[in-house]
Structure formats: structure tokens, C-alpha cells
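Novice: One structure is given below, represented as C-alpha cells, and several questions about it will come after.
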Amino acid sequence: MTHEKDACTRGCADSFDYDVVLIGAGMGGLYQLYRLKEAGYRVLALEAAEGVGGVWHWNRYPGARLDSEAYSYGYTFSNALQEEWNWSEHFAGQPELLRYFNYVADRFDLRRHIRFGNLVTAAHYLEDEQGWAVTTDKGKRYTCRYVIAAVGPLTLPSLPPFPGRDSFAGETCHTSRWPDREISFAGKSVAVIGTGATGVQVIQEVAKTAERLIVFQRTPNYCAPLNNAPIAADEQPTLKARYPEIAAACRSSNGWFMYDTDPRSIFDLADEEREVFLEKLYNDPGIGIWKANFHDIGTDEAANTVVSDFIRRKIRERVRDPDVAERLVPKTFGFGTRRVPLETRYYEVYNQANVQLVDLTETPIDRITPTSIVTTGDEFEVDMIIYATGFDAVTGSFNRIDIRGVGGVKLKDRWESGPSTFLGVHAAGFPNFFMPGGPLASLGNFTPAMEYSVDWVMDLLGYMRDHGFAYVDVAAAAEQAWTDLVRDRQSGLLIGRVKSWITGFNSNSEGTEEFRVLLNTGSAKDYRQSCDTVRRNGYPEFEFSKVESPQSALSPCLIPRH
Ligand code: NA7
């Protein structure tokens, strides 16, 4: 292991400990580390967890699984990796994903550049040196020319502040901080709070063995079948032959998935044709029901209602008790205006005698006692509480770090009324600080989106290296223009009018009473075009300079160190 100040021994006189401190060794961070290492930067990756994999390290709750096809989610940067790795299911489960990211870390010898168990607590810009000082909760402090924050959008768990929450004497787990050990539900009364994409997955699993499962639902979602299946060994060659085509499809789709929106209006089809189309999407594997549906369901209420009614009908057909079915049917927002959870016999769970649904809109949680959850209508004795209550999404993982730019300005303060960035990666006044896949970037199917964003950062660093620059900051006007564009885009969509983590809600944290724009809802293709134009034009939105002080006069040591 070569963690300790990986100082250059090959004649580089730069006084920084590292060229780059990278925050995070999740899906984006690992690829970023690979690219930096290949390009010869002295890089240290700081990771809060004790292992790689980001959400797949943390979200190890039973049932955690991909909703995008594994082969559209895996890295595309290495043909050898793609050739070596065989996905066992179309929608891989968390254990397989964690094995995959560990395999990548070992395959490309990345682990020795990562310091695990170090939560970054602060990153301060050093104006005189034109670099950064990064501190961790272990009291370590590192200086560097560049900071790259690959901290992930769904990192910081959100726990509801129910009165008495911490007095509960049984086991309590948040799905994204699930312990790394077997937890049995057999013979237990288990409560699950939350019915988002995570809650749906964990509920399906707990229902199989718990003596009693009580689901506490505040908002029902429009869930659709995942239709997962194993991938047989003899399917692998045909599938792998399609990898380039799948990667290309992701890069030009509207959410980095291998599906694209149907350009027709839903009203272009006769009623029966439309029914056949929706039925097929419902029975096909994956997220096509959301991502390959008609384009106008995202903008036109009447078009949206047709699909919403289709899914509502499916829920009513699948749940035997009409009262329970009605509680599971969303009525206050349209299909696809919140994340569509994909499920495997989720609705059938509510036909089981051991499962009870509590509608929190009728009887909200009042308090937690050492043995129970008390709503305004009843008291439920439970042995275990599972919080599937989501995240302080997108900005939470940045805001928990004390990030200060020029003049000591705090990024958190700058983002008080919502994040503002250029292309999701740069913030004015925070020179040499990059956020691949950050707020207002184009996300969706995460790994392909991150690969593109990391490549963007590497191209910019390459441009700087080629021109002898060691300082970059984005113009405030460019940041404002991008932020306005992304905000305008969202305001034209139905999704922008509905409360969910995408619009800055669900976080159970202070200051989330307003709609926010956190992500860029434009297509992957549009996003790539925006970035490509900036790059092709020679980065006119940025200010570059060569370093001024002798102390920092040398550009990063570019000799690969292995
Ligand atoms: P989500 O989608 O944010 O879901 C969180 C769930 O927890 C949702 O049902 C919330 O109800 C519920 N919640 C949150 N706070 C409370 C309180 N205080 N009381 C009752 N219920 C509460 O998070 P997930 O982890 O499911 O998914 C996040 C993303 O991860 C997902 O989109 C995937 O891309 C992966 P609400 O809807 O706010 O009424």
C-alpha cells in the first residue's frame, strides 16, 4: 500500500501532496481514479466507506437490485473488462454489483490509491497556492492542485425526526446503512417505513419470511414489473456482441438508459393499438414503461392520464382487497412524474395474510416508543423498524462537506436556494474543483452518465496540461446561464410540479419546503452536445491561467507512477 503522501520521486517540484484529491470511490470515483492514474496524475482517493462501490457498498439491504440492465450499467471503457465479466442476471442484485466494482478495483490496481474509512469533512481553496487543502474525519489533511468530488447524488440517508425515534429498543436499519451481516426476519414483526424504489424492493423480500410485515406508506407510487431473468451462458456471446450498440443507445437516449422515448404522441394511436403498446411495455423487462413511453406523457396532462389510468387498473387487478388496492393507487400525481419503482410481485405481497398496509395520509406517525410505532389511529408493536426513507438527494453529499472557494465562500451558502453549476461539474469561484455528475448534470442510468462526465473532466485537465495551465474557474455568467436553462427545462415538465427527491423533497431535512431543480432533465444527447460545443470552441466559458507563485509553478507531475 502506498497511501502516505504519495510524493513524487521523479523530479516533480510541486509542493502539493497530490495533484488530485478525489473524493469517493463509487461507480464514478473508480472510473475517475482509473483515468487519472492512466494519465499519470498523483492521485489520492478518499472514501468514507471501508470498501469501493458507493451505493452498492452502502445499500446492501435484502432485495437491492438494479432497475437498469446490468450490461447497460457496467463500464464501457475497457473491452477486456467487458469481455471478462459475465452478468448472471439482466438486472443484477447488489451482491453481484459489489463483486463487480471490487473486481474493477483489483483488475485496474486502483485500491492502493484509495484511503478507506476517511470521510472528507472540509475542502478549502488555498488562494496563494492556487490549490486545495482537504481534511478528513480522521484528522488527515492533504494538499493538492485539484479536487474532484465524485460524491454521488444518493449518498446521505434521510431519517425522519419522529419523536422517540431513538428510544426504539429493537433493531433499526436505514436501507442505505444496512449492516454487513445476515439479518433474519423469521418470527419477527417488521415495520417498513417508505415505499419509494428502495422500499418496494425491501418489502418484497421481507414479506417472504417475516411473521408480520407492516408497511407504513405516505405516498403510493406507480410501480411496474421488472421482469428480471437469469442470463444463460450461451446467451453471453450474443449479448456481448450488442454491447457497442447498447452503449451508443444509452448515450443518445433521454436518461442514459438503453431505451429512448417514443417520438409519437399517445393520441396518434387508436385506443386498442395504444393498449397493445402499453401492455407490451408493462410485460417487457426493465424501465421501458417509463423511458420508452410516448414523449407527451411527460408534458401533457391528458396524455399522462392515459398511462396513469393503465397502471392504476393494473394495481386494482393485482390486489385482491379493494380497500387496500385503493390505498396503493396513486391519485395525486401522474405516472412518471416521480421515480417509477420496478417490482417483482410487489402488489401480490398485499394479498398475503402476514402483510398489513398503513396509510399515513389517514393516520400519520405520531411517535416511536421502545416497542412500537404509534400512529394517530393505532399502535403497532414491532421487533424491527426498517427506514426506507430515502436520501438528502444530490446536494446533501456536497453540503455535508465544508467546501470553501475564493474568499472563503461556502458552497453550501451559495446553494442555499438551490444548486447552481455549469454543466453540473463546475461552480464559479471554486477554481480547480470539479463535480462529475454533480447538481444540474445529466443523470439517469448512473454509470454511463458518470463515464461521460469523468471523460469531460479528463479532457479539460488534458487541455490545461497541453497549454501549461494549472488554474481554471468558470465564468459566473456561464454558470447562471446553465442553471437558468436547466431550471427552464424542468419547469416545462410535469415532473417539475410534483414533490419527490428529484424536486428536492423527501429529505426530512430543514429548508426543503420549496421545489428545487437538482438534475438536468434534458436528454443525454443534448447534454453531450452542450459539453461537446464548449470543448470544441476551446472552453470560452472558463478562465485559465498558468500558476504565478514559484512554489506552485510546476504543472502536475505527469510521469506515470506504478
Ligand atoms: P425515495 O424515493 O425518496 O423514497 C423515500 C420513501 O420514504 C418515500 O416513500 C417517502 O414518502 C418515505 N418517507 C420519507 N420520509 C418520511 C416520513 N417522514 N414519514 C413517512 N414516510 C417518509 O427514496 P428511495 O431510497 O426509495 O429511492 C431513492 C432513489 O434511489 C430511487 O429513485 C432510485 O433511483 C435509487 P413520500 O413519497 O415522501 O411521501
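Ligands are numbered from 1 in the order shown, residues from 1 within each chain, and chains are lettered A, B, ... in the order they appear in the C-alpha cells.
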Env of A:Arg487: 10 Å cut, atoms = only C-alpha atoms, seq-sep filter 4 positions within chain, self excluded. Answer as a list in words.

Specialist: Ser420, Leu440, Ala481, Trp482, Thr483, Ser491, Gly492, Gly496, Arg516, Val517, Leu518, Leu519, Asn520 and Thr521 of chain A

Novice: Could the residues in this selection be written to a file with C-alpha atoms, as a PDB file, in the first residue's frame?

Specialist:
ATOM      1  CA  SER A 420     -26.125  26.438  -9.368  1.00  0.00           C
ATOM      2  CA  LEU A 440     -27.650  20.017 -12.649  1.00  0.00           C
ATOM      3  CA  ALA A 481     -26.959  30.633 -17.994  1.00  0.00           C
ATOM      4  CA  TRP A 482     -26.666  26.860 -17.484  1.00  0.00           C
ATOM      5  CA  THR A 483     -28.626  26.997 -14.245  1.00  0.00           C
ATOM      6  CA  SER A 491     -40.486  23.948 -15.396  1.00  0.00           C
ATOM      7  CA  GLY A 492     -41.839  22.729 -18.729  1.00  0.00           C
ATOM      8  CA  GLY A 496     -41.169  19.639 -12.088  1.00  0.00           C
ATOM      9  CA  ARG A 516     -35.737  22.692  -6.297  1.00  0.00           C
ATOM     10  CA  VAL A 517     -34.075  21.860  -9.557  1.00  0.00           C
ATOM     11  CA  LEU A 518     -31.362  19.339  -8.782  1.00  0.00           C
ATOM     12  CA  LEU A 519     -30.832  17.459 -12.031  1.00  0.00           C
ATOM     13  CA  ASN A 520     -30.809  18.295 -15.688  1.00  0.00           C
ATOM     14  CA  THR A 521     -33.885  16.780 -17.309  1.00  0.00           C
TER      15      THR A 521
END

Novice: Find the spatial neighbours of stretch 306-310 of chain A, counting only C-alpha atoms, within a cut-off of 7 Å - ignore same-chain residues fewer than 3 positions away - and output them as a PDB file with N, CA, C and O atoms, in the first residue's frame.

Specialist:
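Just written: out34.pdb:
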ATOM      1  N   ALA A 302     -53.257  15.296 -20.214  1.00  0.00           N
ATOM      2  CA  ALA A 302     -54.233  14.354 -20.786  1.00  0.00           C
ATOM      3  C   ALA A 302     -53.520  13.080 -21.241  1.00  0.00           C
ATOM      4  O   ALA A 302     -54.000  11.967 -21.015  1.00  0.00           O
ATOM      5  N   ALA A 303     -52.371  13.242 -21.871  1.00  0.00           N
ATOM      6  CA  ALA A 303     -51.595  12.076 -22.333  1.00  0.00           C
ATOM      7  C   ALA A 303     -51.137  11.274 -21.122  1.00  0.00           C
ATOM      8  O   ALA A 303     -51.205  10.036 -21.107  1.00  0.00           O
ATOM      9  N   ARG A 313     -55.210   0.650 -13.206  1.00  0.00           N
ATOM     10  CA  ARG A 313     -56.020  -0.547 -13.456  1.00  0.00           C
ATOM     11  C   ARG A 313     -55.244  -1.810 -13.084  1.00  0.00           C
ATOM     12  O   ARG A 313     -55.779  -2.728 -12.472  1.00  0.00           O
ATOM     13  N   LYS A 314     -53.957  -1.820 -13.451  1.00  0.00           N
ATOM     14  CA  LYS A 314     -53.123  -2.998 -13.148  1.00  0.00           C
ATOM     15  C   LYS A 314     -53.057  -3.221 -11.636  1.00  0.00           C
ATOM     16  O   LYS A 314     -53.119  -4.348 -11.165  1.00  0.00           O
ATOM     17  N   GLY A 334     -49.259  12.212 -11.591  1.00  0.00           N
ATOM     18  CA  GLY A 334     -49.339  11.330 -12.761  1.00  0.00           C
ATOM     19  C   GLY A 334     -48.167  10.370 -12.870  1.00  0.00           C
ATOM     20  O   GLY A 334     -47.102  10.570 -12.261  1.00  0.00           O
ATOM     21  N   PHE A 335     -48.362   9.348 -13.686  1.00  0.00           N
ATOM     22  CA  PHE A 335     -47.327   8.338 -13.900  1.00  0.00           C
ATOM     23  C   PHE A 335     -46.023   8.986 -14.413  1.00  0.00           C
ATOM     24  O   PHE A 335     -46.048   9.839 -15.306  1.00  0.00           O
TER      25      PHE A 335
END

Novice: Quote the spacing between atom CA of A:Leu98 and atom CA of A:Val151 in Å to one decimal place.

Specialist: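 Between atom CA of A:Leu98 and atom CA of A:Val151 the gap works out to 17.3 Å.
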
Novice: Tell me which protein, DNA and RNA residues are within 10 Å of A:Arg65, counting only C-alpha atoms, leaving out same-chain ones fewer than 3 positions away, and put them as a CSV table (one decimal) with C-alpha atoms, in the first residue's frame.

Specialist:
chain,number,residue,atom,x,y,z
A,56,TRP,CA,-23.6,-0.8,-3.8
A,59,ASN,CA,-27.3,-0.2,0.1
A,60,ARG,CA,-26.9,-3.8,1.0
A,61,TYR,CA,-30.5,-4.3,2.1
A,62,PRO,CA,-32.2,-7.6,1.1
A,68,SER,CA,-31.4,-0.8,-15.5
A,70,ALA,CA,-26.6,-4.7,-16.0
A,91,PHE,CA,-31.0,-6.9,-13.6
A,92,ALA,CA,-28.1,-7.7,-11.2
A,93,GLY,CA,-28.6,-7.8,-7.5
A,94,GLN,CA,-26.4,-5.8,-5.0
A,95,PRO,CA,-24.0,-8.7,-4.2
A,96,GLU,CA,-23.1,-9.2,-7.8
A,97,LEU,CA,-22.7,-5.4,-8.3
A,197,ALA,CA,-37.9,2.4,-5.3
A,198,THR,CA,-36.0,1.1,-2.2
A,201,GLN,CA,-37.6,-3.8,-3.1
A,202,VAL,CA,-37.1,-4.4,0.6
A,342,LEU,CA,-39.8,-1.6,-10.7

Novice: For ligand 1, collect every residue having any atom at a distance of at most 8 Å from a ligand atom (counting only C-alpha atoms and all ligand atoms); output as a PyMOL selection string.

Specialist: chain A and resi 154+158-162+175-176+193-200+216-221+339-341+360+364-365+387-391+393+444+499-501+505-508

Novice: Determine which residues of stretch 369-452 of chain A DSSP labels as strand (DSSP E or B) from the backbone of this structure, then write them out as a PDB file with N, CA, C and O atoms, in the first residue's frame.

Specialist:
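Printed below is result-v9.pdb as written:
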ATOM      1  N   SER A 372     -42.781   0.073  19.839  1.00  0.00           N
ATOM      2  CA  SER A 372     -43.854   0.214  18.843  1.00  0.00           C
ATOM      3  C   SER A 372     -43.760   1.505  18.021  1.00  0.00           C
ATOM      4  O   SER A 372     -43.010   2.427  18.353  1.00  0.00           O
ATOM      5  N   ILE A 373     -44.582   1.505  16.969  1.00  0.00           N
ATOM      6  CA  ILE A 373     -44.822   2.729  16.196  1.00  0.00           C
ATOM      7  C   ILE A 373     -46.268   3.133  16.482  1.00  0.00           C
ATOM      8  O   ILE A 373     -47.191   2.315  16.323  1.00  0.00           O
ATOM      9  N   VAL A 374     -46.425   4.365  16.909  1.00  0.00           N
ATOM     10  CA  VAL A 374     -47.770   4.835  17.251  1.00  0.00           C
ATOM     11  C   VAL A 374     -48.212   5.828  16.183  1.00  0.00           C
ATOM     12  O   VAL A 374     -47.545   6.839  15.946  1.00  0.00           O
ATOM     13  N   THR A 375     -49.329   5.503  15.524  1.00  0.00           N
ATOM     14  CA  THR A 375     -49.897   6.462  14.570  1.00  0.00           C
ATOM     15  C   THR A 375     -51.060   7.162  15.266  1.00  0.00           C
ATOM     16  O   THR A 375     -51.421   6.810  16.400  1.00  0.00           O
ATOM     17  N   GLU A 379     -51.594   1.580  17.533  1.00  0.00           N
ATOM     18  CA  GLU A 379     -50.223   1.331  17.990  1.00  0.00           C
ATOM     19  C   GLU A 379     -49.793  -0.015  17.427  1.00  0.00           C
ATOM     20  O   GLU A 379     -50.529  -0.998  17.529  1.00  0.00           O
ATOM     21  N   PHE A 380     -48.599  -0.081  16.829  1.00  0.00           N
ATOM     22  CA  PHE A 380     -48.118  -1.306  16.200  1.00  0.00           C
ATOM     23  C   PHE A 380     -46.853  -1.769  16.910  1.00  0.00           C
ATOM     24  O   PHE A 380     -45.797  -1.129  16.800  1.00  0.00           O
ATOM     25  N   GLU A 381     -46.976  -2.874  17.641  1.00  0.00           N
ATOM     26  CA  GLU A 381     -45.806  -3.469  18.316  1.00  0.00           C
ATOM     27  C   GLU A 381     -44.931  -4.104  17.243  1.00  0.00           C
ATOM     28  O   GLU A 381     -45.421  -4.893  16.428  1.00  0.00           O
ATOM     29  N   MET A 384     -38.669  -4.838  14.722  1.00  0.00           N
ATOM     30  CA  MET A 384     -37.639  -4.202  13.897  1.00  0.00           C
ATOM     31  C   MET A 384     -38.271  -3.097  13.060  1.00  0.00           C
ATOM     32  O   MET A 384     -39.400  -3.265  12.566  1.00  0.00           O
ATOM     33  N   ILE A 385     -37.537  -1.990  12.904  1.00  0.00           N
ATOM     34  CA  ILE A 385     -38.024  -0.907  12.027  1.00  0.00           C
ATOM     35  C   ILE A 385     -37.017  -0.707  10.900  1.00  0.00           C
ATOM     36  O   ILE A 385     -35.825  -0.477  11.151  1.00  0.00           O
ATOM     37  N   ILE A 386     -37.506  -0.791   9.671  1.00  0.00           N
ATOM     38  CA  ILE A 386     -36.653  -0.520   8.512  1.00  0.00           C
ATOM     39  C   ILE A 386     -37.068   0.835   7.939  1.00  0.00           C
ATOM     40  O   ILE A 386     -38.228   1.017   7.542  1.00  0.00           O
ATOM     41  N   TYR A 387     -36.120   1.749   7.915  1.00  0.00           N
ATOM     42  CA  TYR A 387     -36.370   3.066   7.325  1.00  0.00           C
ATOM     43  C   TYR A 387     -35.943   3.028   5.861  1.00  0.00           C
ATOM     44  O   TYR A 387     -34.742   2.969   5.567  1.00  0.00           O
ATOM     45  N   PHE A 391     -33.073   9.777   0.731  1.00  0.00           N
ATOM     46  CA  PHE A 391     -31.798  10.495   0.845  1.00  0.00           C
ATOM     47  C   PHE A 391     -32.007  12.006   0.887  1.00  0.00           C
ATOM     48  O   PHE A 391     -33.012  12.508   0.410  1.00  0.00           O
ATOM     49  N   ASP A 402     -17.534  20.877   4.307  1.00  0.00           N
ATOM     50  CA  ASP A 402     -17.310  22.329   4.400  1.00  0.00           C
ATOM     51  C   ASP A 402     -16.433  22.741   3.204  1.00  0.00           C
ATOM     52  O   ASP A 402     -15.215  22.778   3.299  1.00  0.00           O
ATOM     53  N   ILE A 403     -17.106  23.022   2.084  1.00  0.00           N
ATOM     54  CA  ILE A 403     -16.372  23.362   0.859  1.00  0.00           C
ATOM     55  C   ILE A 403     -16.325  24.880   0.732  1.00  0.00           C
ATOM     56  O   ILE A 403     -17.370  25.535   0.684  1.00  0.00           O
ATOM     57  N   ARG A 404     -15.114  25.419   0.708  1.00  0.00           N
ATOM     58  CA  ARG A 404     -14.965  26.882   0.620  1.00  0.00           C
ATOM     59  C   ARG A 404     -14.080  27.261  -0.547  1.00  0.00           C
ATOM     60  O   ARG A 404     -12.982  26.737  -0.694  1.00  0.00           O
ATOM     61  N   LYS A 410     -18.682  29.719   1.106  1.00  0.00           N
ATOM     62  CA  LYS A 410     -19.078  28.318   1.280  1.00  0.00           C
ATOM     63  C   LYS A 410     -20.029  27.893   0.156  1.00  0.00           C
ATOM     64  O   LYS A 410     -21.006  28.585  -0.128  1.00  0.00           O
ATOM     65  N   PHE A 422     -22.180  25.004 -13.660  1.00  0.00           N
ATOM     66  CA  PHE A 422     -22.045  24.982 -15.116  1.00  0.00           C
ATOM     67  C   PHE A 422     -21.871  23.522 -15.528  1.00  0.00           C
ATOM     68  O   PHE A 422     -20.929  22.844 -15.062  1.00  0.00           O
ATOM     69  N   HIS A 426     -19.032  22.362 -12.599  1.00  0.00           N
ATOM     70  CA  HIS A 426     -18.205  23.490 -12.164  1.00  0.00           C
ATOM     71  C   HIS A 426     -19.050  24.532 -11.438  1.00  0.00           C
ATOM     72  O   HIS A 426     -20.184  24.788 -11.835  1.00  0.00           O
ATOM     73  N   PHE A 433     -11.885  22.850  -8.924  1.00  0.00           N
ATOM     74  CA  PHE A 433     -12.779  21.974  -8.169  1.00  0.00           C
ATOM     75  C   PHE A 433     -13.822  21.434  -9.142  1.00  0.00           C
ATOM     76  O   PHE A 433     -14.530  22.204  -9.785  1.00  0.00           O
ATOM     77  N   PHE A 434     -13.901  20.134  -9.269  1.00  0.00           N
ATOM     78  CA  PHE A 434     -14.794  19.523 -10.262  1.00  0.00           C
ATOM     79  C   PHE A 434     -15.754  18.552  -9.589  1.00  0.00           C
ATOM     80  O   PHE A 434     -15.364  17.819  -8.675  1.00  0.00           O
TER      81      PHE A 434
END

Novice: Taking into account only C-alpha atoms, which residue in the set A:Trp87, A:Phe542, A:Phe257, A:Tyr34 is nearest to A:Tyr71?

Specialist: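 Checking each candidate against A:Tyr71, we get A:Trp87 as the closest.
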
Novice: Mind pulling up the distance from atom CA of A:Met258 to atom CA of A:Gly74?

Specialist: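 Computed distance, atom CA of A:Gly74 to atom CA of A:Met258, equals 12.2 Å.
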
Novice: Give the helix (DSSP H, G or I) residues of stretch 407-523 of chain A, as DSSP finds them on the backbone, and put them as a VMD selection string.

Specialist: chain A and resid 407 to 408 411 to 414 446 to 467 476 to 491 494 to 497 501 to 503

Novice: How many Å separate atom CA of A:Tyr463 from atom CA of A:Gly538?

Specialist: 8.6 Å

Novice: Tell me which protein, DNA and RNA residues are within 8 Å of A:Gly26, counting only C-alpha atoms, leaving out same-chain ones fewer than 2 positions away, and put them as an MDAnalysis selection string.

Specialist: chainID A and resid 24 28:30 52:55 150:152

Novice: Counting only C-alpha atoms, which of A:His124, A:Arg165, A:Arg536, A:His90 gets nearest to A:Tyr73?

Specialist: A:His90

Novice: Report the closest atom pair, with its distance in Å rounded to one decimal, for each residue of stretch 163-240 of chain A that has an atom no farther than 7 Å from stretch 278-285 of chain A; count only C-alpha atoms, sort by chain and then rising residue number, and write it as JSON lines.

Specialist:
{"residue": "A:Ala224", "atom": "CA", "partner": "A:Tyr282", "partner_atom": "CA", "distance": 6.6}
{"residue": "A:Pro225", "atom": "CA", "partner": "A:Tyr282", "partner_atom": "CA", "distance": 6.6}
{"residue": "A:Leu226", "atom": "CA", "partner": "A:Pro285", "partner_atom": "CA", "distance": 5.5}
{"residue": "A:Asn227", "atom": "CA", "partner": "A:Pro285", "partner_atom": "CA", "distance": 4.5}
{"residue": "A:Asn228", "atom": "CA", "partner": "A:Pro285", "partner_atom": "CA", "distance": 6.2}

Novice: With N, CA, C and O atoms retained, could you export that selection as a compact mmCIF listing (two decimals), in the first residue's frame?

Specialist:
# COMPACT_ATOMS: atom_id res chain seq x y z
N ALA A 224 -44.10 -0.79 -11.60
CA ALA A 224 -44.31 -1.64 -12.78
C ALA A 224 -43.36 -2.83 -12.71
O ALA A 224 -42.30 -2.73 -12.09
N PRO A 225 -43.70 -3.94 -13.36
CA PRO A 225 -42.87 -5.14 -13.22
C PRO A 225 -41.48 -4.98 -13.82
O PRO A 225 -41.31 -4.38 -14.88
N LEU A 226 -40.50 -5.54 -13.10
CA LEU A 226 -39.12 -5.53 -13.57
C LEU A 226 -38.91 -6.60 -14.65
O LEU A 226 -38.17 -6.39 -15.60
N ASN A 227 -39.58 -7.74 -14.47
CA ASN A 227 -39.44 -8.86 -15.41
C ASN A 227 -37.99 -9.28 -15.58
O ASN A 227 -37.47 -9.38 -16.70
N ASN A 228 -37.35 -9.53 -14.48
CA ASN A 228 -35.94 -9.96 -14.48
C ASN A 228 -35.85 -11.42 -14.90
O ASN A 228 -36.82 -12.18 -14.81

Novice: Which residues, written as a PDB file with N, CA, C and O atoms, in the first residue's frame, have at least one atom at most 7 Å from stretch 132-134 of chain A, with only C-alpha atoms counted and residues fewer than 6 positions away on the same chain left out?

Specialist:
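This went into out-v1.pdb:
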ATOM      1  N   ALA A 122     -13.849  18.643   5.034  1.00  0.00           N
ATOM      2  CA  ALA A 122     -13.646  20.005   4.540  1.00  0.00           C
ATOM      3  C   ALA A 122     -12.737  20.000   3.316  1.00  0.00           C
ATOM      4  O   ALA A 122     -11.855  19.142   3.183  1.00  0.00           O
ATOM      5  N   ALA A 123     -12.988  20.962   2.439  1.00  0.00           N
ATOM      6  CA  ALA A 123     -12.096  21.210   1.299  1.00  0.00           C
ATOM      7  C   ALA A 123     -12.032  22.721   1.145  1.00  0.00           C
ATOM      8  O   ALA A 123     -13.068  23.366   0.878  1.00  0.00           O
ATOM      9  N   HIS A 124     -10.869  23.294   1.378  1.00  0.00           N
ATOM     10  CA  HIS A 124     -10.720  24.750   1.342  1.00  0.00           C
ATOM     11  C   HIS A 124      -9.761  25.146   0.236  1.00  0.00           C
ATOM     12  O   HIS A 124      -8.655  24.583   0.124  1.00  0.00           O
ATOM     13  N   TYR A 125     -10.169  26.141  -0.548  1.00  0.00           N
ATOM     14  CA  TYR A 125      -9.297  26.642  -1.610  1.00  0.00           C
ATOM     15  C   TYR A 125      -8.173  27.475  -1.007  1.00  0.00           C
ATOM     16  O   TYR A 125      -8.409  28.305  -0.119  1.00  0.00           O
ATOM     17  N   LEU A 126      -6.963  27.236  -1.464  1.00  0.00           N
ATOM     18  CA  LEU A 126      -5.788  27.978  -0.983  1.00  0.00           C
ATOM     19  C   LEU A 126      -5.433  29.007  -2.053  1.00  0.00           C
ATOM     20  O   LEU A 126      -4.881  28.650  -3.100  1.00  0.00           O
ATOM     21  N   ARG A 141      -4.904  15.768   6.704  1.00  0.00           N
ATOM     22  CA  ARG A 141      -5.023  16.943   5.849  1.00  0.00           C
ATOM     23  C   ARG A 141      -4.095  16.751   4.661  1.00  0.00           C
ATOM     24  O   ARG A 141      -2.927  16.401   4.824  1.00  0.00           O
ATOM     25  N   TYR A 142      -4.655  16.925   3.458  1.00  0.00           N
ATOM     26  CA  TYR A 142      -3.861  16.740   2.244  1.00  0.00           C
ATOM     27  C   TYR A 142      -3.997  17.990   1.383  1.00  0.00           C
ATOM     28  O   TYR A 142      -5.088  18.557   1.276  1.00  0.00           O
ATOM     29  N   THR A 143      -2.907  18.379   0.742  1.00  0.00           N
ATOM     30  CA  THR A 143      -2.998  19.488  -0.198  1.00  0.00           C
ATOM     31  C   THR A 143      -2.892  18.941  -1.619  1.00  0.00           C
ATOM     32  O   THR A 143      -2.291  17.890  -1.851  1.00  0.00           O
ATOM     33  N   CYS A 144      -3.479  19.673  -2.523  1.00  0.00           N
ATOM     34  CA  CYS A 144      -3.494  19.198  -3.913  1.00  0.00           C
ATOM     35  C   CYS A 144      -3.792  20.369  -4.840  1.00  0.00           C
ATOM     36  O   CYS A 144      -4.273  21.414  -4.413  1.00  0.00           O
ATOM     37  N   ARG A 145      -3.501  20.151  -6.111  1.00  0.00           N
ATOM     38  CA  ARG A 145      -3.840  21.178  -7.106  1.00  0.00           C
ATOM     39  C   ARG A 145      -5.342  21.152  -7.416  1.00  0.00           C
ATOM     40  O   ARG A 145      -5.976  22.193  -7.537  1.00  0.00           O
ATOM     41  N   TYR A 146      -5.879  19.940  -7.563  1.00  0.00           N
ATOM     42  CA  TYR A 146      -7.275  19.798  -7.971  1.00  0.00           C
ATOM     43  C   TYR A 146      -8.035  18.925  -6.971  1.00  0.00           C
ATOM     44  O   TYR A 146      -7.473  17.953  -6.463  1.00  0.00           O
ATOM     45  N   VAL A 147      -9.292  19.286  -6.790  1.00  0.00           N
ATOM     46  CA  VAL A 147     -10.194  18.392  -6.049  1.00  0.00           C
ATOM     47  C   VAL A 147     -11.278  17.918  -7.018  1.00  0.00           C
ATOM     48  O   VAL A 147     -11.864  18.721  -7.755  1.00  0.00           O
TER      49      VAL A 147
END

Novice: Under the rule that only C-alpha atoms are counted, which of A:Gly139, A:Gly255, A:Gly522, A:Pro163 is the nearest residue to A:Asn445?

Specialist: A:Gly255
